[in-house]
$ cat data_28.cif   # mmCIF, C-alpha atoms
data_start
#
loop_
_atom_site.label_atom_id
_atom_site.label_comp_id
_atom_site.auth_asym_id
_atom_site.auth_seq_id
_atom_site.Cartn_x
_atom_site.Cartn_y
_atom_site.Cartn_z
CA MET A 1 -24.70 -79.77 94.92
CA ALA A 2 -21.01 -80.56 94.57
CA GLY A 3 -19.68 -78.94 91.40
CA GLN A 4 -17.81 -80.73 88.65
CA GLU A 5 -14.59 -78.87 89.51
CA LYS A 6 -14.78 -79.92 93.14
CA LEU A 7 -15.34 -83.56 92.21
CA CYS A 8 -12.34 -83.49 89.91
CA ARG A 9 -10.21 -81.97 92.66
CA VAL A 10 -11.10 -84.86 94.98
CA VAL A 11 -10.71 -87.60 92.40
CA HIS A 12 -7.54 -86.48 90.64
CA PRO A 13 -5.03 -86.93 93.52
CA ILE A 14 -6.50 -90.36 94.36
CA LEU A 15 -5.93 -91.60 90.82
CA LYS A 16 -2.49 -90.04 90.56
CA TRP A 17 -1.11 -91.41 93.83
CA GLY A 18 -2.76 -94.79 93.37
CA MET A 19 -1.08 -95.08 90.00
CA LEU A 20 2.35 -93.98 91.23
CA LEU A 21 2.27 -96.22 94.31
CA SER A 22 1.20 -99.35 92.42
CA MET A 23 3.77 -98.63 89.70
CA ALA A 24 6.52 -98.37 92.31
CA LEU A 25 5.50 -101.69 93.89
CA LEU A 26 5.20 -103.46 90.53
CA ILE A 27 8.58 -102.21 89.32
CA SER A 28 10.39 -103.15 92.53
CA GLY A 29 8.67 -106.55 92.47
CA LEU A 30 9.78 -107.15 88.89
CA PHE A 31 13.36 -106.12 89.72
CA LEU A 32 13.46 -108.46 92.73
CA GLY A 33 11.88 -111.14 90.56
CA VAL A 34 14.50 -110.82 87.84
CA GLY A 35 17.19 -111.13 90.52
CA ALA A 36 15.61 -114.25 91.99
CA GLY A 37 14.68 -115.83 88.65
CA ILE A 38 11.05 -115.40 87.62
CA GLU A 39 8.71 -118.34 87.80
CA MET A 40 5.41 -117.72 86.08
CA GLU A 41 2.84 -118.45 88.73
CA GLY A 42 -0.38 -117.13 90.19
CA THR A 43 -0.73 -114.53 92.92
CA LEU A 44 -0.21 -114.79 96.66
CA PRO A 45 -3.36 -115.05 98.74
CA LEU A 46 -4.05 -111.97 100.84
CA GLU A 47 -2.94 -113.40 104.20
CA LYS A 48 0.57 -114.30 102.96
CA ILE A 49 1.46 -110.81 101.69
CA PRO A 50 2.77 -109.22 104.95
CA GLN A 51 5.19 -112.11 105.65
CA GLY A 52 6.21 -112.08 101.98
CA MET A 53 7.06 -108.37 102.13
CA ILE A 54 9.35 -108.98 105.13
CA ASP A 55 11.07 -111.84 103.28
CA LEU A 56 11.46 -109.58 100.21
CA ASP A 57 9.46 -112.11 98.22
CA PRO A 58 9.05 -110.51 94.76
CA LEU A 59 5.66 -112.14 94.33
CA ALA A 60 4.40 -110.35 97.46
CA PHE A 61 5.48 -106.99 96.03
CA VAL A 62 3.87 -107.66 92.68
CA THR A 63 0.64 -108.95 94.24
CA LEU A 64 0.40 -105.96 96.55
CA GLY A 65 1.06 -103.66 93.58
CA LEU A 66 -1.75 -105.31 91.65
CA LEU A 67 -4.13 -105.06 94.61
CA MET A 68 -3.16 -101.40 94.98
CA LEU A 69 -3.97 -100.91 91.31
CA ILE A 70 -7.31 -102.67 91.74
CA ALA A 71 -8.08 -100.57 94.82
CA THR A 72 -7.41 -97.22 93.12
CA PRO A 73 -10.70 -96.87 91.20
CA LEU A 74 -12.49 -98.15 94.29
CA THR A 75 -10.92 -95.44 96.42
CA ARG A 76 -12.08 -92.77 94.04
CA VAL A 77 -15.67 -94.00 94.41
CA LEU A 78 -15.16 -93.79 98.16
CA GLY A 79 -13.70 -90.28 97.81
CA ALA A 80 -16.70 -89.14 95.77
CA LEU A 81 -19.04 -90.70 98.34
CA CYS A 82 -17.39 -88.71 101.15
CA LEU A 83 -17.75 -85.50 99.16
CA PHE A 84 -21.44 -86.17 98.43
CA LEU A 85 -22.08 -86.94 102.10
CA SER A 86 -20.33 -83.79 103.28
CA GLU A 87 -22.42 -81.75 100.81
CA LYS A 88 -25.61 -83.58 101.85
CA ASP A 89 -26.17 -84.65 98.23
CA TRP A 90 -28.13 -87.76 99.22
CA LYS A 91 -29.09 -88.87 95.73
CA PHE A 92 -25.49 -89.22 94.59
CA ALA A 93 -24.38 -90.57 97.95
CA LEU A 94 -26.88 -93.37 97.39
CA ILE A 95 -25.61 -93.95 93.84
CA SER A 96 -22.00 -94.23 95.08
CA THR A 97 -23.13 -96.63 97.81
CA VAL A 98 -24.82 -98.88 95.25
CA VAL A 99 -21.59 -99.01 93.21
CA LEU A 100 -19.57 -99.85 96.33
CA SER A 101 -21.98 -102.59 97.35
CA ALA A 102 -21.66 -104.21 93.92
CA VAL A 103 -17.88 -104.31 94.35
CA ILE A 104 -18.21 -105.78 97.86
CA LEU A 105 -20.54 -108.42 96.43
CA ALA A 106 -17.78 -109.27 93.92
CA VAL A 107 -15.29 -109.73 96.78
CA PHE A 108 -17.58 -112.30 98.39
CA LEU A 109 -18.30 -114.05 95.10
CA GLY A 110 -14.56 -114.14 94.34
CA ALA A 111 -13.89 -115.87 97.65
CA VAL A 112 -16.30 -118.73 96.90
CA MET B 113 -8.92 -93.39 73.45
CA GLY B 114 -11.27 -95.00 75.91
CA LEU B 115 -11.42 -97.96 73.57
CA GLY B 116 -9.16 -100.72 72.71
CA GLY B 117 -6.87 -101.63 75.58
CA GLY B 118 -8.33 -105.09 75.97
CA LEU B 119 -8.94 -105.50 72.26
CA ILE B 120 -5.19 -105.44 71.69
CA ILE B 121 -3.87 -107.08 74.88
CA ILE B 122 -5.82 -110.34 74.56
CA PRO B 123 -4.79 -111.19 71.00
CA LEU B 124 -1.21 -110.24 71.84
CA LEU B 125 -1.09 -112.59 74.85
CA THR B 126 -2.98 -115.51 73.35
CA LEU B 127 -1.62 -115.36 69.80
CA GLY B 128 1.81 -113.93 70.51
CA PHE B 129 2.71 -115.71 73.74
CA GLY B 130 0.35 -118.70 73.75
CA ILE B 131 -1.16 -117.83 77.13
CA PRO B 132 -4.46 -119.53 78.07
CA MET B 133 -7.54 -117.41 77.43
CA GLN B 134 -8.68 -117.14 81.08
CA GLU B 135 -5.27 -115.91 82.26
CA ALA B 136 -5.15 -113.50 79.35
CA ILE B 137 -8.57 -112.13 80.30
CA GLY B 138 -7.40 -111.65 83.90
CA ALA B 139 -4.26 -109.83 82.78
CA SER B 140 -6.30 -107.78 80.36
CA LEU B 141 -8.68 -106.69 83.14
CA ILE B 142 -5.64 -105.47 85.07
CA GLY B 143 -4.53 -103.72 81.90
CA VAL B 144 -7.95 -102.09 81.61
CA ILE B 145 -7.72 -100.76 85.18
CA ALA B 146 -4.26 -99.41 84.41
CA THR B 147 -5.52 -97.79 81.19
CA SER B 148 -8.36 -96.21 83.05
CA THR B 149 -6.27 -94.91 85.92
CA GLY B 150 -3.41 -93.72 83.72
CA ALA B 151 -5.54 -91.87 81.21
CA ALA B 152 -8.17 -90.70 83.68
CA THR B 153 -5.55 -88.83 85.67
CA LYS B 154 -5.12 -86.62 82.65
CA TYR B 155 -8.78 -86.43 81.55
CA VAL B 156 -9.98 -85.57 85.05
CA LYS B 157 -7.40 -82.82 85.29
CA GLN B 158 -8.66 -81.41 81.98
CA GLY B 159 -12.21 -81.62 83.34
CA LEU B 160 -13.43 -83.79 80.41
CA THR B 161 -14.74 -86.53 82.70
CA ASN B 162 -18.35 -86.32 83.84
CA VAL B 163 -17.86 -87.88 87.29
CA ARG B 164 -21.57 -87.88 88.17
CA MET B 165 -22.60 -89.63 85.00
CA ALA B 166 -19.79 -92.14 85.51
CA LEU B 167 -21.02 -93.04 88.99
CA PHE B 168 -24.60 -93.23 87.79
CA LEU B 169 -23.80 -95.69 84.98
CA GLU B 170 -21.36 -97.67 87.10
CA MET B 171 -24.36 -98.93 89.07
CA SER B 172 -25.17 -101.20 86.16
CA THR B 173 -21.69 -101.87 84.68
CA THR B 174 -20.45 -103.38 87.95
CA VAL B 175 -23.38 -105.76 88.24
CA GLY B 176 -22.95 -106.77 84.59
CA SER B 177 -19.25 -107.31 85.15
CA ILE B 178 -19.86 -109.69 88.07
CA ILE B 179 -22.12 -111.83 85.90
CA GLY B 180 -19.69 -111.77 82.99
CA ALA B 181 -16.67 -112.71 85.13
CA LEU B 182 -18.48 -115.61 86.77
CA VAL B 183 -19.48 -116.94 83.37
CA ALA B 184 -15.91 -116.52 82.04
CA VAL B 185 -14.37 -118.42 84.96
CA TYR B 186 -16.48 -121.49 84.16
CA THR B 187 -16.51 -121.35 80.35
CA ASN B 188 -14.45 -123.34 77.84
CA GLN B 189 -11.65 -121.20 76.39
CA THR B 190 -12.35 -121.97 72.74
CA ILE B 191 -15.83 -120.51 73.17
CA LEU B 192 -14.40 -117.39 74.81
CA PHE B 193 -11.95 -117.13 71.94
CA LEU B 194 -14.73 -117.24 69.35
CA PHE B 195 -16.79 -114.69 71.26
CA PHE B 196 -13.80 -112.45 71.30
CA SER B 197 -13.18 -112.68 67.54
CA ALA B 198 -16.81 -111.79 66.91
CA LEU B 199 -16.45 -108.78 69.19
CA LEU B 200 -13.38 -107.61 67.25
CA VAL B 201 -15.17 -107.72 63.91
CA TYR B 202 -18.11 -105.84 65.41
CA ALA B 203 -15.70 -103.31 66.89
CA GLY B 204 -14.03 -102.64 63.54
CA PHE B 205 -17.36 -101.97 61.82
CA THR B 206 -18.60 -99.71 64.61
CA MET B 207 -15.50 -97.59 64.42
CA LEU B 208 -15.82 -97.11 60.68
CA ARG B 209 -19.53 -96.37 60.73
CA ARG B 210 -19.77 -94.10 63.71
CA THR B 211 -20.40 -90.41 63.29
CA GLU B 212 -20.58 -87.97 66.10
CA LEU B 213 -23.91 -86.42 66.90
CA PHE B 214 -23.84 -83.01 68.28
CA PHE B 215 -26.62 -81.29 70.15
CA SER B 216 -26.53 -77.86 71.63
CA PRO B 217 -27.94 -77.85 75.13
CA ASP B 218 -31.16 -76.05 74.15
CA GLU B 219 -32.05 -78.74 71.63
CA VAL B 220 -31.83 -81.46 74.21
CA ASN B 221 -34.64 -81.97 76.66
CA ALA B 222 -32.29 -83.07 79.37
CA GLU B 223 -33.87 -85.51 81.79
CA THR B 224 -33.46 -84.09 85.24
CA GLN B 225 -36.33 -85.70 87.15
CA MET B 226 -34.28 -88.69 88.24
CA VAL B 227 -30.83 -87.13 88.48
CA ASP B 228 -29.28 -84.11 86.79
CA LEU B 229 -26.15 -85.15 84.92
CA SER B 230 -25.59 -82.03 82.83
CA CYS B 231 -22.01 -80.95 82.65
CA ARG B 232 -19.58 -78.75 80.78
CA TYR B 233 -16.00 -78.91 79.65
CA THR B 234 -13.46 -76.87 77.72
CA ASP B 235 -12.39 -78.45 74.46
CA PRO B 236 -8.60 -78.91 74.68
CA ARG B 237 -8.13 -78.28 70.93
CA SER B 238 -10.34 -75.29 70.25
CA SER B 239 -10.62 -74.10 73.88
CA HIS B 240 -14.36 -73.51 73.37
CA GLU B 241 -16.50 -74.17 76.38
CA VAL B 242 -19.09 -76.88 75.70
CA ASN B 243 -22.23 -77.23 77.80
CA TYR B 244 -24.35 -80.32 77.46
CA GLY B 245 -27.44 -81.91 78.96
CA VAL B 246 -27.87 -85.63 79.29
CA LYS B 247 -30.98 -87.63 78.40
CA GLY B 248 -31.91 -91.28 77.88
CA LEU B 249 -30.78 -92.25 81.36
CA LYS B 250 -32.69 -95.54 81.53
CA LYS B 251 -31.44 -96.62 78.12
CA GLY B 252 -27.94 -95.70 79.22
CA LEU B 253 -28.21 -97.85 82.34
CA ALA B 254 -29.53 -100.80 80.35
CA TYR B 255 -26.77 -100.69 77.73
CA SER B 256 -24.13 -100.16 80.41
CA SER B 257 -25.03 -103.48 81.99
CA VAL B 258 -24.28 -105.10 78.61
CA ALA B 259 -20.97 -103.25 78.50
CA GLY B 260 -20.20 -104.50 82.01
CA MET B 261 -20.99 -108.08 81.07
CA LEU B 262 -18.67 -107.93 78.06
CA SER B 263 -15.98 -106.49 80.30
CA GLY B 264 -16.14 -109.27 82.87
CA LEU B 265 -16.56 -111.97 80.24
CA LEU B 266 -13.84 -110.99 77.77
CA GLY B 267 -11.56 -108.65 79.71
CA VAL B 268 -12.28 -105.59 77.62
CA GLY B 269 -13.27 -102.22 79.03
CA GLY B 270 -16.69 -102.05 77.42
CA GLY B 271 -16.07 -98.57 76.04
CA LEU B 272 -16.94 -100.00 72.67
CA VAL B 273 -20.58 -100.25 73.74
CA LYS B 274 -20.70 -97.32 76.14
CA VAL B 275 -19.17 -94.57 74.03
CA PRO B 276 -21.67 -94.88 71.13
CA VAL B 277 -24.55 -95.24 73.60
CA MET B 278 -23.52 -92.13 75.52
CA ASN B 279 -23.09 -90.26 72.27
CA VAL B 280 -26.20 -91.37 70.39
CA CYS B 281 -28.75 -92.17 73.11
CA MET B 282 -27.65 -89.80 75.84
CA CYS B 283 -26.45 -86.90 73.65
CA VAL B 284 -23.05 -86.61 75.31
CA PRO B 285 -20.33 -85.09 73.09
CA LEU B 286 -17.79 -87.67 71.93
CA LYS B 287 -14.82 -86.26 73.83
CA ALA B 288 -16.71 -86.21 77.12
CA ALA B 289 -18.17 -89.66 76.40
CA THR B 290 -14.71 -91.10 75.74
CA ALA B 291 -13.22 -89.55 78.86
CA THR B 292 -16.15 -90.64 81.03
CA SER B 293 -16.17 -94.18 79.65
CA ASN B 294 -12.44 -94.42 80.22
CA PHE B 295 -12.94 -93.30 83.81
CA MET B 296 -15.71 -95.87 84.36
CA ILE B 297 -13.90 -98.91 83.01
CA GLY B 298 -11.58 -98.85 86.02
CA VAL B 299 -14.43 -99.65 88.38
CA THR B 300 -16.06 -102.05 85.93
CA ALA B 301 -12.86 -104.02 85.39
CA LEU B 302 -11.89 -104.08 89.06
CA THR B 303 -15.14 -105.88 89.85
CA GLY B 304 -14.24 -108.58 87.34
CA ALA B 305 -10.58 -108.62 88.40
CA ILE B 306 -11.50 -109.33 92.05
CA ILE B 307 -13.42 -112.41 90.95
CA PHE B 308 -10.48 -113.60 88.82
CA TYR B 309 -8.10 -112.99 91.77
CA GLY B 310 -10.37 -114.96 94.08
CA HIS B 311 -10.32 -117.89 91.65
CA GLY B 312 -6.51 -117.77 91.36
CA LEU B 313 -6.65 -116.82 87.67
CA LEU B 314 -4.41 -113.77 87.92
CA ASN B 315 -0.83 -114.44 86.87
CA ALA B 316 1.14 -111.92 88.94
CA TYR B 317 4.18 -111.24 86.72
CA LEU B 318 2.12 -111.28 83.54
CA CYS B 319 -0.30 -108.76 85.05
CA ALA B 320 2.55 -106.59 86.28
CA ALA B 321 4.15 -106.47 82.84
CA VAL B 322 0.82 -105.65 81.19
CA ALA B 323 0.01 -102.95 83.76
CA LEU B 324 3.36 -101.18 83.37
CA GLY B 325 3.20 -101.37 79.57
CA VAL B 326 -0.29 -99.94 79.60
CA PHE B 327 0.54 -97.03 81.91
CA ALA B 328 3.08 -95.86 79.38
CA GLY B 329 0.72 -96.43 76.46
CA ALA B 330 -2.27 -94.74 78.06
CA TYR B 331 -0.28 -91.64 78.75
CA ILE B 332 0.75 -91.35 75.12
CA GLY B 333 -2.84 -92.09 74.04
CA THR B 334 -4.32 -89.15 75.94
CA MET B 335 -1.79 -86.84 74.36
CA LEU B 336 -2.82 -88.07 70.90
CA ASN B 337 -6.51 -87.68 71.75
CA ALA B 338 -6.00 -84.03 72.58
CA LYS B 339 -3.93 -83.44 69.47
CA TYR B 340 -5.80 -85.20 66.66
CA SER B 341 -9.49 -85.11 65.70
CA SER B 342 -11.66 -88.05 66.68
CA ASN B 343 -12.12 -88.89 63.02
CA GLN B 344 -8.45 -89.45 62.33
CA LEU B 345 -8.08 -91.56 65.46
CA ARG B 346 -11.06 -93.70 64.59
CA LYS B 347 -9.92 -94.55 61.08
CA GLY B 348 -6.44 -95.49 62.21
CA PHE B 349 -7.80 -97.73 64.92
CA ALA B 350 -10.37 -99.47 62.71
CA ILE B 351 -7.61 -100.61 60.36
CA LEU B 352 -5.64 -102.02 63.28
CA LEU B 353 -8.71 -103.91 64.56
CA PHE B 354 -9.38 -105.60 61.22
CA ILE B 355 -5.79 -106.83 61.07
CA VAL B 356 -6.08 -108.28 64.58
CA ALA B 357 -9.50 -109.81 63.88
CA ALA B 358 -8.15 -111.54 60.79
CA SER B 359 -5.31 -113.15 62.71
CA MET B 360 -7.66 -114.19 65.54
CA ILE B 361 -9.96 -115.92 63.07
CA LEU B 362 -7.01 -117.70 61.46
CA LYS B 363 -5.96 -118.90 64.90
CA THR B 364 -9.48 -120.09 65.73
CA ALA B 365 -9.51 -122.07 62.51
CA GLY B 366 -6.23 -123.55 63.68
CA LEU B 367 -7.82 -124.51 67.01
CA TRP B 368 -10.54 -126.42 65.20
CA GLY B 369 -8.03 -128.10 62.95
CA GLY B 370 -6.06 -129.25 65.98
CA ALA B 371 -9.07 -130.59 67.87
#
$ encode --input "data_28.cif" --output "C-alpha cells"
Amino acid sequence: MAGQEKLCRVVHPILKWGMLLSMALLISGLFLGVGAGIEMEGTLPLEKIPQGMIDLDPLAFVTLGLLMLIATPLTRVLGALCLFLSEKDWKFALISTVVLSAVILAVFLGAV
Amino acid sequence: MGLGGGLIIIPLLTLGFGIPMQEAIGASLIGVIATSTGAATKYVKQGLTNVRMALFLEMSTTVGSIIGALVAVYTNQTILFLFFSALLVYAGFTMLRRTELFFSPDEVNAETQMVDLSCRYTDPRSSHEVNYGVKGLKKGLAYSSVAGMLSGLLGVGGGLVKVPVMNVCMCVPLKAATATSNFMIGVTALTGAIIFYGHGLLNAYLCAAVALGVFAGAYIGTMLNAKYSSNQLRKGFAILLFIVAASMILKTAGLWGGA
C-alpha cells in the first residue's frame, strides 16, 4: 500500500509546477492585454488557442493559463492513479478512475 | 482556511463590480481551483492532507458538482443570488457554533472493511504527531455529494459542508479535515468550471485577475492557519461573513425593488 509520504511526494510537484506555469501564462496574458487594451469578453474555444499564441493574442495566453489551472488538480488525480497502479493498489486505482471518469463526463456535458 | 474563497469572491464581484451572477460563479470556481492549488502545495508538503480520503470523497463531490453546474447554467440569476445569501447566513452560524471533536485513535472504531483511510500528521504548531482513524465513510460520501452540488451551483468550494462532516461524522481532526477539504475543492470546482467553460460563461480576464489575487491570498492564509488556533480564525471569519451576508440581503431587496 502506497504510504502517505509517497503520495505527497508525487502530488506536491504537480501542484507546484501547475500553479507556477498557469500563473506565468496568466500574468503574461494580462500584460499583453493591457498593452493591447483589454476588452472584457469570454474565452477562446480550444481550437483557436494555438493560432492565438502565435499571433500573441493576449486572450489565448489567458485562456491557456486558465485551462492549465483547471488541469492541475486533474493531473494530480492522474499522478495518484499511476502510483496506485504501480503499487498494485487496485482499490484506490479504481477510486481514482471513478473520479477521472466523472471529470470526463463533465467535459462531454460542457460541450453540449 | 479551506473555507471561504467563494464566499467572498462572489459578493465582491456582484456587489462591488456589478458582474452578472453566472459569470461571477464561473470566475469564483476558477478562484476556488486557485485557492486549492495554492494552499494545497503548502498543506501537502506539511503532510496535513489525507490524499486517500480526498480521492475517496471526490467520487461523490465531482458528480454533485456536475449536477449543480448544469442547474446553475440554466437558472435565473436572482434565484441564484437568493440561494447564495441563504448560504452565507448558514455559513456564519456554522462557524460560530462549531466546536472541534477530538478522538484518540483507540476510541474510534475505524471502518476499514471498505477502504482504510487512517492517516497521521505532525501538528505544525505543537509538533505532536497525531494518528487518526476514519469512520462514517458512507455518510461522508453522501454529504460530499451535497457539498459538490453547492460548489457547482454557487461557485463555492463546499468546504463549509465537508469540514464539519469530516470532523463530526468521520472523526477527522480539524486541521487534517481543513487541509483535505482544501485539496479536494480543486477537483470539485474544476468539474463545474469545465461545464461553465463549455457554455462560454467564463470571462477570461476576470478569471485571470481572480486567480492571481487568490494565489497570493491563499499563500498568506496557510501561513495564518499554521500560526493561529482554529478558534481564533473561526471567530474572525464569522464576523466577516455576517457583514457580507447583510450587504447581500440589502442588495437582494434592491433587486426586488427594481423589478
$ closest_residue --input "data_28.cif" --among "B:Gly245, B:Pro276, B:Pro123, B:Gly312" --to "chain A" --atoms "all atoms listed in the file"
B:Gly312
$ resolve_selection --input "data_28.cif" --expression "the PyMOL selection byres ((chain A) within 9 of (chain B))" --output "PDB file with C-alpha atoms, in the frame of the given file"
ATOM      1  CA  GLN A   4     -17.810 -80.730  88.650  1.00  0.00           C
ATOM      2  CA  GLU A   5     -14.590 -78.870  89.510  1.00  0.00           C
ATOM      3  CA  LEU A   7     -15.340 -83.560  92.210  1.00  0.00           C
ATOM      4  CA  CYS A   8     -12.340 -83.490  89.910  1.00  0.00           C
ATOM      5  CA  ARG A   9     -10.210 -81.970  92.660  1.00  0.00           C
ATOM      6  CA  VAL A  11     -10.710 -87.600  92.400  1.00  0.00           C
ATOM      7  CA  HIS A  12      -7.540 -86.480  90.640  1.00  0.00           C
ATOM      8  CA  PRO A  13      -5.030 -86.930  93.520  1.00  0.00           C
ATOM      9  CA  ILE A  14      -6.500 -90.360  94.360  1.00  0.00           C
ATOM     10  CA  LEU A  15      -5.930 -91.600  90.820  1.00  0.00           C
ATOM     11  CA  LYS A  16      -2.490 -90.040  90.560  1.00  0.00           C
ATOM     12  CA  GLY A  18      -2.760 -94.790  93.370  1.00  0.00           C
ATOM     13  CA  MET A  19      -1.080 -95.080  90.000  1.00  0.00           C
ATOM     14  CA  MET A  23       3.770 -98.630  89.700  1.00  0.00           C
ATOM     15  CA  LEU A  26       5.200-103.460  90.530  1.00  0.00           C
ATOM     16  CA  ILE A  27       8.580-102.210  89.320  1.00  0.00           C
ATOM     17  CA  GLY A  29       8.670-106.550  92.470  1.00  0.00           C
ATOM     18  CA  LEU A  30       9.780-107.150  88.890  1.00  0.00           C
ATOM     19  CA  GLY A  33      11.880-111.140  90.560  1.00  0.00           C
ATOM     20  CA  ILE A  38      11.050-115.400  87.620  1.00  0.00           C
ATOM     21  CA  GLU A  39       8.710-118.340  87.800  1.00  0.00           C
ATOM     22  CA  MET A  40       5.410-117.720  86.080  1.00  0.00           C
ATOM     23  CA  GLU A  41       2.840-118.450  88.730  1.00  0.00           C
ATOM     24  CA  GLY A  42      -0.380-117.130  90.190  1.00  0.00           C
ATOM     25  CA  THR A  43      -0.730-114.530  92.920  1.00  0.00           C
ATOM     26  CA  LEU A  44      -0.210-114.790  96.660  1.00  0.00           C
ATOM     27  CA  PRO A  45      -3.360-115.050  98.740  1.00  0.00           C
ATOM     28  CA  LEU A  59       5.660-112.140  94.330  1.00  0.00           C
ATOM     29  CA  VAL A  62       3.870-107.660  92.680  1.00  0.00           C
ATOM     30  CA  THR A  63       0.640-108.950  94.240  1.00  0.00           C
ATOM     31  CA  GLY A  65       1.060-103.660  93.580  1.00  0.00           C
ATOM     32  CA  LEU A  66      -1.750-105.310  91.650  1.00  0.00           C
ATOM     33  CA  LEU A  67      -4.130-105.060  94.610  1.00  0.00           C
ATOM     34  CA  LEU A  69      -3.970-100.910  91.310  1.00  0.00           C
ATOM     35  CA  ILE A  70      -7.310-102.670  91.740  1.00  0.00           C
ATOM     36  CA  ALA A  71      -8.080-100.570  94.820  1.00  0.00           C
ATOM     37  CA  THR A  72      -7.410 -97.220  93.120  1.00  0.00           C
ATOM     38  CA  PRO A  73     -10.700 -96.870  91.200  1.00  0.00           C
ATOM     39  CA  LEU A  74     -12.490 -98.150  94.290  1.00  0.00           C
ATOM     40  CA  VAL A  77     -15.670 -94.000  94.410  1.00  0.00           C
ATOM     41  CA  ALA A  80     -16.700 -89.140  95.770  1.00  0.00           C
ATOM     42  CA  LYS A  91     -29.090 -88.870  95.730  1.00  0.00           C
ATOM     43  CA  PHE A  92     -25.490 -89.220  94.590  1.00  0.00           C
ATOM     44  CA  ILE A  95     -25.610 -93.950  93.840  1.00  0.00           C
ATOM     45  CA  SER A  96     -22.000 -94.230  95.080  1.00  0.00           C
ATOM     46  CA  VAL A  98     -24.820 -98.880  95.250  1.00  0.00           C
ATOM     47  CA  VAL A  99     -21.590 -99.010  93.210  1.00  0.00           C
ATOM     48  CA  LEU A 100     -19.570 -99.850  96.330  1.00  0.00           C
ATOM     49  CA  ALA A 102     -21.660-104.210  93.920  1.00  0.00           C
ATOM     50  CA  VAL A 103     -17.880-104.310  94.350  1.00  0.00           C
ATOM     51  CA  ILE A 104     -18.210-105.780  97.860  1.00  0.00           C
ATOM     52  CA  LEU A 105     -20.540-108.420  96.430  1.00  0.00           C
ATOM     53  CA  ALA A 106     -17.780-109.270  93.920  1.00  0.00           C
ATOM     54  CA  VAL A 107     -15.290-109.730  96.780  1.00  0.00           C
ATOM     55  CA  PHE A 108     -17.580-112.300  98.390  1.00  0.00           C
ATOM     56  CA  LEU A 109     -18.300-114.050  95.100  1.00  0.00           C
ATOM     57  CA  GLY A 110     -14.560-114.140  94.340  1.00  0.00           C
ATOM     58  CA  ALA A 111     -13.890-115.870  97.650  1.00  0.00           C
ATOM     59  CA  VAL A 112     -16.300-118.730  96.900  1.00  0.00           C
TER      60      VAL A 112
END
$ closest_residue --input "data_28.cif" --among "B:Val273, B:Leu119, B:Ala288, B:Ala136" --to "Ala259 in chain B" --atoms "only C-alpha atoms"
B:Val273
$ atom_distance --input "data_28.cif" --atom1 "CA of Ala291 in chain B" --atom2 "CA of Ile332 in chain B"
14.6 Å
$ atom_distance --input "data_28.cif" --atom1 "CA of Lys88 in chain A" --atom2 "CA of Trp17 in chain A"
26.9 Å
$ atom_distance --input "data_28.cif" --atom1 "CA of Gly128 in chain B" --atom2 "CA of Ala203 in chain B"
20.8 Å
$ closest_residue --input "data_28.cif" --among "A:Ile49, A:Leu64, A:Leu56, A:Val34" --to "Ser22 in chain A" --atoms "all atoms listed in the file"
A:Leu64
$ resolve_selection --input "data_28.cif" --expression "the PyMOL selection byres ((chain B and resi 229) around 6)" --output "JSON, numbers by chain"
{"B": [165, 228, 230, 246]}
$ residues_around --input "data_28.cif" --residues "Leu266 in chain B" --least-positions-apart "4" --cutoff "8 Å" --atoms "all atoms listed in the file" --output "number ranges by chain"
B: 137, 180, 184, 192, 196, 262
$ build_atoms --input "data_28.cif" --residues "range 193-205 of chain B" --atoms "N, CA and C atoms" --output "PDB file, keeping the file's coordinate frame"
ATOM      1  N   PHE B 193     -12.768-117.581  73.064  1.00  0.00           N
ATOM      2  CA  PHE B 193     -11.950-117.130  71.940  1.00  0.00           C
ATOM      3  C   PHE B 193     -12.832-116.717  70.761  1.00  0.00           C
ATOM      4  N   LEU B 194     -13.831-117.545  70.460  1.00  0.00           N
ATOM      5  CA  LEU B 194     -14.730-117.240  69.350  1.00  0.00           C
ATOM      6  C   LEU B 194     -15.550-115.987  69.626  1.00  0.00           C
ATOM      7  N   PHE B 195     -16.063-115.894  70.856  1.00  0.00           N
ATOM      8  CA  PHE B 195     -16.790-114.690  71.260  1.00  0.00           C
ATOM      9  C   PHE B 195     -15.951-113.461  71.003  1.00  0.00           C
ATOM     10  N   PHE B 196     -14.688-113.595  71.383  1.00  0.00           N
ATOM     11  CA  PHE B 196     -13.800-112.450  71.300  1.00  0.00           C
ATOM     12  C   PHE B 196     -13.570-112.031  69.850  1.00  0.00           C
ATOM     13  N   SER B 197     -13.378-113.018  68.952  1.00  0.00           N
ATOM     14  CA  SER B 197     -13.180-112.680  67.540  1.00  0.00           C
ATOM     15  C   SER B 197     -14.390-111.959  66.987  1.00  0.00           C
ATOM     16  N   ALA B 198     -15.583-112.435  67.375  1.00  0.00           N
ATOM     17  CA  ALA B 198     -16.810-111.790  66.910  1.00  0.00           C
ATOM     18  C   ALA B 198     -16.852-110.340  67.381  1.00  0.00           C
ATOM     19  N   LEU B 199     -16.449-110.134  68.634  1.00  0.00           N
ATOM     20  CA  LEU B 199     -16.450-108.780  69.190  1.00  0.00           C
ATOM     21  C   LEU B 199     -15.515-107.868  68.399  1.00  0.00           C
ATOM     22  N   LEU B 200     -14.347-108.407  67.998  1.00  0.00           N
ATOM     23  CA  LEU B 200     -13.380-107.610  67.250  1.00  0.00           C
ATOM     24  C   LEU B 200     -13.944-107.148  65.917  1.00  0.00           C
ATOM     25  N   VAL B 201     -14.605-108.078  65.212  1.00  0.00           N
ATOM     26  CA  VAL B 201     -15.170-107.720  63.910  1.00  0.00           C
ATOM     27  C   VAL B 201     -16.221-106.635  64.098  1.00  0.00           C
ATOM     28  N   TYR B 202     -17.086-106.843  65.103  1.00  0.00           N
ATOM     29  CA  TYR B 202     -18.110-105.840  65.410  1.00  0.00           C
ATOM     30  C   TYR B 202     -17.452-104.489  65.709  1.00  0.00           C
ATOM     31  N   ALA B 203     -16.383-104.546  66.494  1.00  0.00           N
ATOM     32  CA  ALA B 203     -15.700-103.310  66.890  1.00  0.00           C
ATOM     33  C   ALA B 203     -15.186-102.555  65.677  1.00  0.00           C
ATOM     34  N   GLY B 204     -14.581-103.279  64.736  1.00  0.00           N
ATOM     35  CA  GLY B 204     -14.030-102.640  63.540  1.00  0.00           C
ATOM     36  C   GLY B 204     -15.118-101.909  62.764  1.00  0.00           C
ATOM     37  N   PHE B 205     -16.272-102.602  62.575  1.00  0.00           N
ATOM     38  CA  PHE B 205     -17.360-101.970  61.820  1.00  0.00           C
ATOM     39  C   PHE B 205     -17.906-100.749  62.538  1.00  0.00           C
TER      40      PHE B 205
END
